Amino acid sequence: MARRSRDDDLLNDDDLTAAFLGEDDDLVVANSATDTEPVEEWDEEEAVPGQLAVDVYETKERLVVKARTAGVNKQELDVSIADNTLSIRGTLSAGNEDDVENYFVQECYWGEFSRSITLPVPVKEDAIEAVLKDGVLTISFTKLKQDSVKKIQVL
């Protein structure tokens with residue numbers, strides 16, 4: 001468990017690291033701007049897709065899903081809908097990094113990402129518009145009117 005420094009209420013770097021890592025965890029942590037130890041590489045087999053952040057809102061006539069997808073080409077996006085669930089998959093490419101010898105800071109996520117969202121209202125699955133502009137993917141659905149939803153009598 002992390003301990004607080006007696007001088008102030010903040011955790012120092014070692015205490016903060018200890019709070020999140022067990023003794024068996026292997027992670028190289030840079031503690032200062034002068035620390036030049038390389039960041040440990042991720043094992044590609046253990047990598048999991050990143051989760052895409054989204055905004056979902058409605059207007060009077062439409063349901064809208066927006067996702068920040070800066071750096072993703074249209075050809076690298078897979079957007080589909082089935083059973084009122086929207087799925088977005090893609091790949092963020094960092095470009096050519098063959099000559100990189102050492103990272104000092106690596107905070108950007110590169111690689112595959114995905115997100116599945118159960119839509120909160122019924123939509124017309126054949127009336128969907130998807131636009132990628134300025135790094136924002138906007139998917140707009142026509143909402144079904146309540147009287148269009150078929151009620152099922154329970155026996």
# chains A, B, ... in the order shown; residues from 1 in each chain; ligands from 1
>>> residues_around(residues="Val56 of chain A", least_positions_apart="2", cutoff="9 Å", atoms="only C-alpha atoms", output="list in words")
Val54, Glu58, Leu63, Val64, Val65, Lys66, Ala67, Leu119 and Pro120 of chain A
>>> atom_distance(atom1="atom CA of Glu97 of chain A", atom2="atom CA of Asp134 of chain A")
24.4 Å
>>> atom_distance(atom1="atom CA of Pro122 of chain A", atom2="atom CA of Val79 of chain A")
17.8 Å
>>> atom_distance(atom1="atom CA of Arg62 of chain A", atom2="atom CA of Ser140 of chain A")
6.5 Å
>>> residues_around(residues="Val123 of chain A", least_positions_apart="3", cutoff="7 Å", atoms="only C-alpha atoms", output="ChimeraX atom specification")
/A:141-144
>>> write_last_selection(atoms="C-alpha atoms", output="compact mmCIF listing (two decimals), in the first residue's frame")
# COMPACT_ATOMS: atom_id res chain seq x y z
CA PHE A 141 -29.68 7.04 -37.33
CA THR A 142 -33.32 7.78 -38.06
CA LYS A 143 -35.28 6.91 -34.94
CA LEU A 144 -38.34 4.72 -35.23
